[in-house]
Amino acid sequence: MNYKDIIFEKEKPLATITLNRPDKLNAYTYNMGQEVVKALEEAGKDRNIRVVIFTGAGRGFCSGADLSDRGRHRVIDPLHHETAMGPQIRKLSVFDKPVIAAINGVAAGGGLSLAMACDIRIASDRARFSQIFVTRGLLDNGSTWLLPRLVGMGMACELAFTGDIINAAEADRIGLVNRVVPHDDLLTVVRELANRIAKNPPITVRLTKRALYRGVTNTDLLSQMELEHNYSAINRATEDSGEATRAFIEKREPVFKGR
């Protein structure tokens, strides 16, 4: 597929999706959302891709939806209204390969939702964050589900009710991001992390991701342990599980094939 509003690059075992409207701080359009979904589908189907990285071109990660593009968001059924960012947030919610956000600049509104929908968030020290919806008279994109799970209900309420802009250090302090790194080191740090993840058996990583997210909503430990037992049975049947054991016994680096 030819992409207009994103750059999609694959350099196995990593794929990188770069939002590419730098003159608009990578504000989302309907077309950009469709392209992100297509790129995620391609990365999901490619057995050589084990980790996906999201970042933005220029000074911004994503400043949210481009409000001038709202006329292109069809309202076929008022009860199923689609936003520019809805499809990719939902896609990320069921995407079982690890996804890392390399937050290079402003992440506001739906752009913050996109970052929160990723599994891991590494921020540049130049990054800025805002749950800006309330100041625009909006409420959207899964943010009310994602934000409290990262920063707690009290802090989520403060950010959501005010729409305040916070810097990278504050985002780190409240747990909105995993860590903050110097701006010029951002992609190097993220790729190093992605490659460390990619060295592990990919099926095990994907099952672990599923178990972690199921664990957030599971109501008791025993149910979660039963889920882990079932996933473990699937994992033990893979070639990579046997390779991990053999490599440990033989004192060598394992070679995982994703099967």
# chains A, B, ... in the order shown; residues from 1 in each chain; ligands from 1
$ closest_atom_pairs --of "region 104-147 of chain A" --to "region 161-165 of chain A" --cutoff "8 Å" --atoms "only C-alpha atoms" --output "CSV"
residue,atom,partner,partner_atom,distance
A:Arg128,CA,A:Ile165,CA,6.6
A:Phe129,CA,A:Ile165,CA,5.5
A:Ser130,CA,A:Ile165,CA,4.6
A:Gln131,CA,A:Gly163,CA,5.0
A:Ile132,CA,A:Gly163,CA,4.3
A:Phe133,CA,A:Gly163,CA,6.7
A:Val134,CA,A:Gly163,CA,6.0
A:Thr135,CA,A:Gly163,CA,6.1
$ select_by_dssp --residues "region 34-192 of chain A" --states "helix (DSSP H, G or I)" --output "PyMOL selection string"
chain A and resi 34-45+67-72+78-80+86-93+110-117+132-136+143-151+153-162+168-174+183-192
$ residues_around --residues "Leu186 (chain A)" --least-positions-apart "6" --cutoff "9 Å" --atoms "only C-alpha atoms" --output "list of chain:residue names"
A:Ala102, A:Ile103, A:Asn104, A:Ile122, A:Ala123, A:Ser124, A:Asp125, A:Val180
$ write_last_selection --atoms "N, CA and C atoms" --output "JSON list (two decimals), in the first residue's frame"
[["chain", "number", "residue", "atom", "x", "y", "z"],
["A", 102, "ALA", "N", 7.36, 6.10, 20.87],
["A", 102, "ALA", "CA", 8.53, 6.97, 21.02],
["A", 102, "ALA", "C", 8.01, 8.40, 20.91],
["A", 103, "ILE", "N", 7.73, 9.02, 22.05],
["A", 103, "ILE", "CA", 7.01, 10.29, 22.07],
["A", 103, "ILE", "C", 8.02, 11.42, 21.95],
["A", 104, "ASN", "N", 8.12, 11.96, 20.74],
["A", 104, "ASN", "CA", 9.16, 12.93, 20.42],
["A", 104, "ASN", "C", 8.77, 14.37, 20.65],
["A", 122, "ILE", "N", 8.03, 5.72, 25.86],
["A", 122, "ILE", "CA", 9.31, 6.37, 26.16],
["A", 122, "ILE", "C", 9.22, 7.79, 25.61],
["A", 123, "ALA", "N", 9.53, 8.77, 26.44],
["A", 123, "ALA", "CA", 9.33, 10.17, 26.05],
["A", 123, "ALA", "C", 10.65, 10.91, 25.91],
["A", 124, "SER", "N", 10.72, 11.76, 24.92],
["A", 124, "SER", "CA", 11.79, 12.75, 24.82],
["A", 124, "SER", "C", 11.62, 13.77, 25.94],
["A", 125, "ASP", "N", 12.73, 14.35, 26.37],
["A", 125, "ASP", "CA", 12.64, 15.40, 27.39],
["A", 125, "ASP", "C", 11.98, 16.67, 26.85],
["A", 180, "VAL", "N", 11.86, 9.01, 30.66],
["A", 180, "VAL", "CA", 12.20, 10.15, 29.81],
["A", 180, "VAL", "C", 13.67, 10.07, 29.47]]
$ closest_atom_pairs --of "region 137-180 of chain A" --to "region 89-99 of chain A" --cutoff "10 Å" --atoms "only C-alpha atoms" --output "tab-separated table"
residue	atom	partner	partner_atom	distance
A:Asn141	CA	A:Ile89	CA	7.0
A:Gly142	CA	A:Ile89	CA	7.5
A:Ser143	CA	A:Ile89	CA	9.8
$ write_last_selection --atoms "N, CA and C atoms" --output "PDB file, in the first residue's frame"
ATOM      1  N   ASN A 141     -12.235   8.819  22.214  1.00  0.00           N
ATOM      2  CA  ASN A 141     -11.030   8.035  21.911  1.00  0.00           C
ATOM      3  C   ASN A 141     -10.496   7.165  23.036  1.00  0.00           C
ATOM      4  N   GLY A 142     -11.372   6.716  23.938  1.00  0.00           N
ATOM      5  CA  GLY A 142     -10.947   5.755  24.940  1.00  0.00           C
ATOM      6  C   GLY A 142     -10.129   6.322  26.075  1.00  0.00           C
ATOM      7  N   SER A 143      -9.964   7.634  26.101  1.00  0.00           N
ATOM      8  CA  SER A 143      -9.065   8.222  27.093  1.00  0.00           C
ATOM      9  C   SER A 143      -9.554   8.021  28.516  1.00  0.00           C
TER      10      SER A 143
END
$ select_by_dssp --residues "region 51-137 of chain A" --states "strand (DSSP E)" --output "list in words"
Val51, Val52, Ile53, Phe54, Thr55, Gly56, Gly60, Phe61, Cys62, Val99, Ile100, Ala101, Ala102, Ile103, Val106, Ala107, Ala108, Ile120, Arg121, Ile122, Ala123, Ser124, Arg128, Phe129 and Ser130 of chain A
$ write_last_selection --atoms "C-alpha atoms" --output "JSON list (two decimals), in the first residue's frame"
[["chain", "number", "residue", "atom", "x", "y", "z"],
["A", 51, "VAL", "CA", 7.73, -5.25, 17.80],
["A", 52, "VAL", "CA", 6.06, -2.10, 16.43],
["A", 53, "ILE", "CA", 7.26, 1.44, 17.17],
["A", 54, "PHE", "CA", 5.06, 4.54, 16.90],
["A", 55, "THR", "CA", 6.58, 8.01, 16.55],
["A", 56, "GLY", "CA", 5.97, 11.34, 14.85],
["A", 60, "GLY", "CA", 5.25, 16.58, 17.44],
["A", 61, "PHE", "CA", 4.16, 13.06, 18.28],
["A", 62, "CYS", "CA", 0.49, 13.79, 17.57],
["A", 99, "VAL", "CA", 3.94, -1.68, 20.66],
["A", 100, "ILE", "CA", 6.23, 1.09, 21.91],
["A", 101, "ALA", "CA", 5.45, 4.81, 21.61],
["A", 102, "ALA", "CA", 8.53, 6.97, 21.02],
["A", 103, "ILE", "CA", 7.01, 10.29, 22.07],
["A", 106, "VAL", "CA", 3.50, 17.10, 21.90],
["A", 107, "ALA", "CA", 0.95, 14.34, 22.55],
["A", 108, "ALA", "CA", -2.43, 15.94, 23.07],
["A", 120, "ILE", "CA", 5.23, 1.09, 26.56],
["A", 121, "ARG", "CA", 5.83, 4.85, 26.37],
["A", 122, "ILE", "CA", 9.31, 6.37, 26.16],
["A", 123, "ALA", "CA", 9.33, 10.17, 26.05],
["A", 124, "SER", "CA", 11.79, 12.75, 24.82],
["A", 128, "ARG", "CA", 4.48, 17.66, 26.30],
["A", 129, "PHE", "CA", 1.18, 16.03, 27.20],
["A", 130, "SER", "CA", -2.41, 17.22, 27.50]]
$ closest_atom_pairs --of "region 158-215 of chain A" --to "region 4-18 of chain A" --cutoff "9 Å" --atoms "only C-alpha atoms" --output "CSV"
residue,atom,partner,partner_atom,distance
A:Arg191,CA,A:Leu14,CA,8.1
A:Ala194,CA,A:Leu14,CA,7.3
A:Asn195,CA,A:Pro13,CA,7.4
A:Ala198,CA,A:Pro13,CA,6.5
A:Lys199,CA,A:Pro13,CA,8.8
$ atom_distance --atom1 "CA of Gly33 (chain A)" --atom2 "CA of Ala65 (chain A)"
9.7 Å
$ closest_residue --among "A:Ala117, A:Leu193, A:Leu139, A:Leu222" --to "Leu176 (chain A)" --atoms "only C-alpha atoms"
A:Ala117
$ atom_distance --atom1 "CA of Asn218 (chain A)" --atom2 "CA of Arg149 (chain A)"
13.9 Å
$ atom_distance --atom1 "CA of Arg246 (chain A)" --atom2 "CA of Ala233 (chain A)"
18.2 Å
$ closest_residue --among "A:Val205, A:Ala211, A:Ala237, A:Met155" --to "Met225 (chain A)" --atoms "only C-alpha atoms"
A:Ala211
$ decode --residues "region 28-52 of chain A" --atoms "N, CA and C atoms" --output "PDB file, in the first residue's frame"
ATOM      1  N   TYR A  28      -4.258  14.220  13.447  1.00  0.00           N
ATOM      2  CA  TYR A  28      -4.896  13.097  12.768  1.00  0.00           C
ATOM      3  C   TYR A  28      -5.959  13.536  11.788  1.00  0.00           C
ATOM      4  N   THR A  29      -5.992  12.873  10.644  1.00  0.00           N
ATOM      5  CA  THR A  29      -7.104  12.955   9.712  1.00  0.00           C
ATOM      6  C   THR A  29      -7.714  11.562   9.577  1.00  0.00           C
ATOM      7  N   TYR A  30      -8.884  11.506   8.978  1.00  0.00           N
ATOM      8  CA  TYR A  30      -9.510  10.210   8.727  1.00  0.00           C
ATOM      9  C   TYR A  30      -8.582   9.329   7.901  1.00  0.00           C
ATOM     10  N   ASN A  31      -7.936   9.903   6.888  1.00  0.00           N
ATOM     11  CA  ASN A  31      -7.043   9.115   6.039  1.00  0.00           C
ATOM     12  C   ASN A  31      -5.864   8.567   6.834  1.00  0.00           C
ATOM     13  N   MET A  32      -5.287   9.390   7.711  1.00  0.00           N
ATOM     14  CA  MET A  32      -4.168   8.912   8.525  1.00  0.00           C
ATOM     15  C   MET A  32      -4.601   7.731   9.385  1.00  0.00           C
ATOM     16  N   GLY A  33      -5.797   7.811   9.957  1.00  0.00           N
ATOM     17  CA  GLY A  33      -6.294   6.724  10.771  1.00  0.00           C
ATOM     18  C   GLY A  33      -6.423   5.431   9.985  1.00  0.00           C
ATOM     19  N   GLN A  34      -6.946   5.534   8.758  1.00  0.00           N
ATOM     20  CA  GLN A  34      -7.082   4.342   7.929  1.00  0.00           C
ATOM     21  C   GLN A  34      -5.718   3.761   7.573  1.00  0.00           C
ATOM     22  N   GLU A  35      -4.747   4.639   7.326  1.00  0.00           N
ATOM     23  CA  GLU A  35      -3.404   4.161   6.986  1.00  0.00           C
ATOM     24  C   GLU A  35      -2.739   3.465   8.178  1.00  0.00           C
ATOM     25  N   VAL A  36      -2.943   4.005   9.382  1.00  0.00           N
ATOM     26  CA  VAL A  36      -2.378   3.369  10.567  1.00  0.00           C
ATOM     27  C   VAL A  36      -2.961   1.968  10.749  1.00  0.00           C
ATOM     28  N   VAL A  37      -4.272   1.832  10.558  1.00  0.00           N
ATOM     29  CA  VAL A  37      -4.905   0.521  10.686  1.00  0.00           C
ATOM     30  C   VAL A  37      -4.311  -0.458   9.675  1.00  0.00           C
ATOM     31  N   LYS A  38      -4.127  -0.011   8.436  1.00  0.00           N
ATOM     32  CA  LYS A  38      -3.557  -0.877   7.406  1.00  0.00           C
ATOM     33  C   LYS A  38      -2.131  -1.285   7.758  1.00  0.00           C
ATOM     34  N   ALA A  39      -1.345  -0.335   8.265  1.00  0.00           N
ATOM     35  CA  ALA A  39       0.033  -0.649   8.645  1.00  0.00           C
ATOM     36  C   ALA A  39       0.073  -1.651   9.794  1.00  0.00           C
ATOM     37  N   LEU A  40      -0.807  -1.480  10.775  1.00  0.00           N
ATOM     38  CA  LEU A  40      -0.863  -2.432  11.884  1.00  0.00           C
ATOM     39  C   LEU A  40      -1.273  -3.812  11.401  1.00  0.00           C
ATOM     40  N   GLU A  41      -2.216  -3.855  10.465  1.00  0.00           N
ATOM     41  CA  GLU A  41      -2.622  -5.154   9.912  1.00  0.00           C
ATOM     42  C   GLU A  41      -1.454  -5.826   9.208  1.00  0.00           C
ATOM     43  N   GLU A  42      -0.681  -5.050   8.448  1.00  0.00           N
ATOM     44  CA  GLU A  42       0.471  -5.616   7.741  1.00  0.00           C
ATOM     45  C   GLU A  42       1.525  -6.095   8.730  1.00  0.00           C
ATOM     46  N   ALA A  43       1.799  -5.293   9.758  1.00  0.00           N
ATOM     47  CA  ALA A  43       2.787  -5.699  10.765  1.00  0.00           C
ATOM     48  C   ALA A  43       2.320  -6.926  11.530  1.00  0.00           C
ATOM     49  N   GLY A  44       1.014  -7.000  11.779  1.00  0.00           N
ATOM     50  CA  GLY A  44       0.487  -8.141  12.507  1.00  0.00           C
ATOM     51  C   GLY A  44       0.610  -9.440  11.741  1.00  0.00           C
ATOM     52  N   LYS A  45       0.475  -9.375  10.428  1.00  0.00           N
ATOM     53  CA  LYS A  45       0.530 -10.581   9.599  1.00  0.00           C
ATOM     54  C   LYS A  45       1.954 -11.011   9.264  1.00  0.00           C
ATOM     55  N   ASP A  46       2.902 -10.101   9.374  1.00  0.00           N
ATOM     56  CA  ASP A  46       4.286 -10.386   8.997  1.00  0.00           C
ATOM     57  C   ASP A  46       5.001 -11.108  10.134  1.00  0.00           C
ATOM     58  N   ARG A  47       5.329 -12.383   9.920  1.00  0.00           N
ATOM     59  CA  ARG A  47       5.965 -13.188  10.972  1.00  0.00           C
ATOM     60  C   ARG A  47       7.356 -12.673  11.331  1.00  0.00           C
ATOM     61  N   ASN A  48       7.962 -11.893  10.447  1.00  0.00           N
ATOM     62  CA  ASN A  48       9.294 -11.361  10.727  1.00  0.00           C
ATOM     63  C   ASN A  48       9.255 -10.147  11.656  1.00  0.00           C
ATOM     64  N   ILE A  49       8.082  -9.549  11.822  1.00  0.00           N
ATOM     65  CA  ILE A  49       7.950  -8.362  12.670  1.00  0.00           C
ATOM     66  C   ILE A  49       7.507  -8.784  14.059  1.00  0.00           C
ATOM     67  N   ARG A  50       8.288  -8.398  15.056  1.00  0.00           N
ATOM     68  CA  ARG A  50       8.006  -8.821  16.427  1.00  0.00           C
ATOM     69  C   ARG A  50       7.650  -7.657  17.340  1.00  0.00           C
ATOM     70  N   VAL A  51       8.042  -6.436  16.989  1.00  0.00           N
ATOM     71  CA  VAL A  51       7.729  -5.251  17.795  1.00  0.00           C
ATOM     72  C   VAL A  51       7.421  -4.104  16.849  1.00  0.00           C
ATOM     73  N   VAL A  52       6.434  -3.279  17.220  1.00  0.00           N
ATOM     74  CA  VAL A  52       6.061  -2.101  16.429  1.00  0.00           C
ATOM     75  C   VAL A  52       6.379  -0.845  17.239  1.00  0.00           C
TER      76      VAL A  52
END
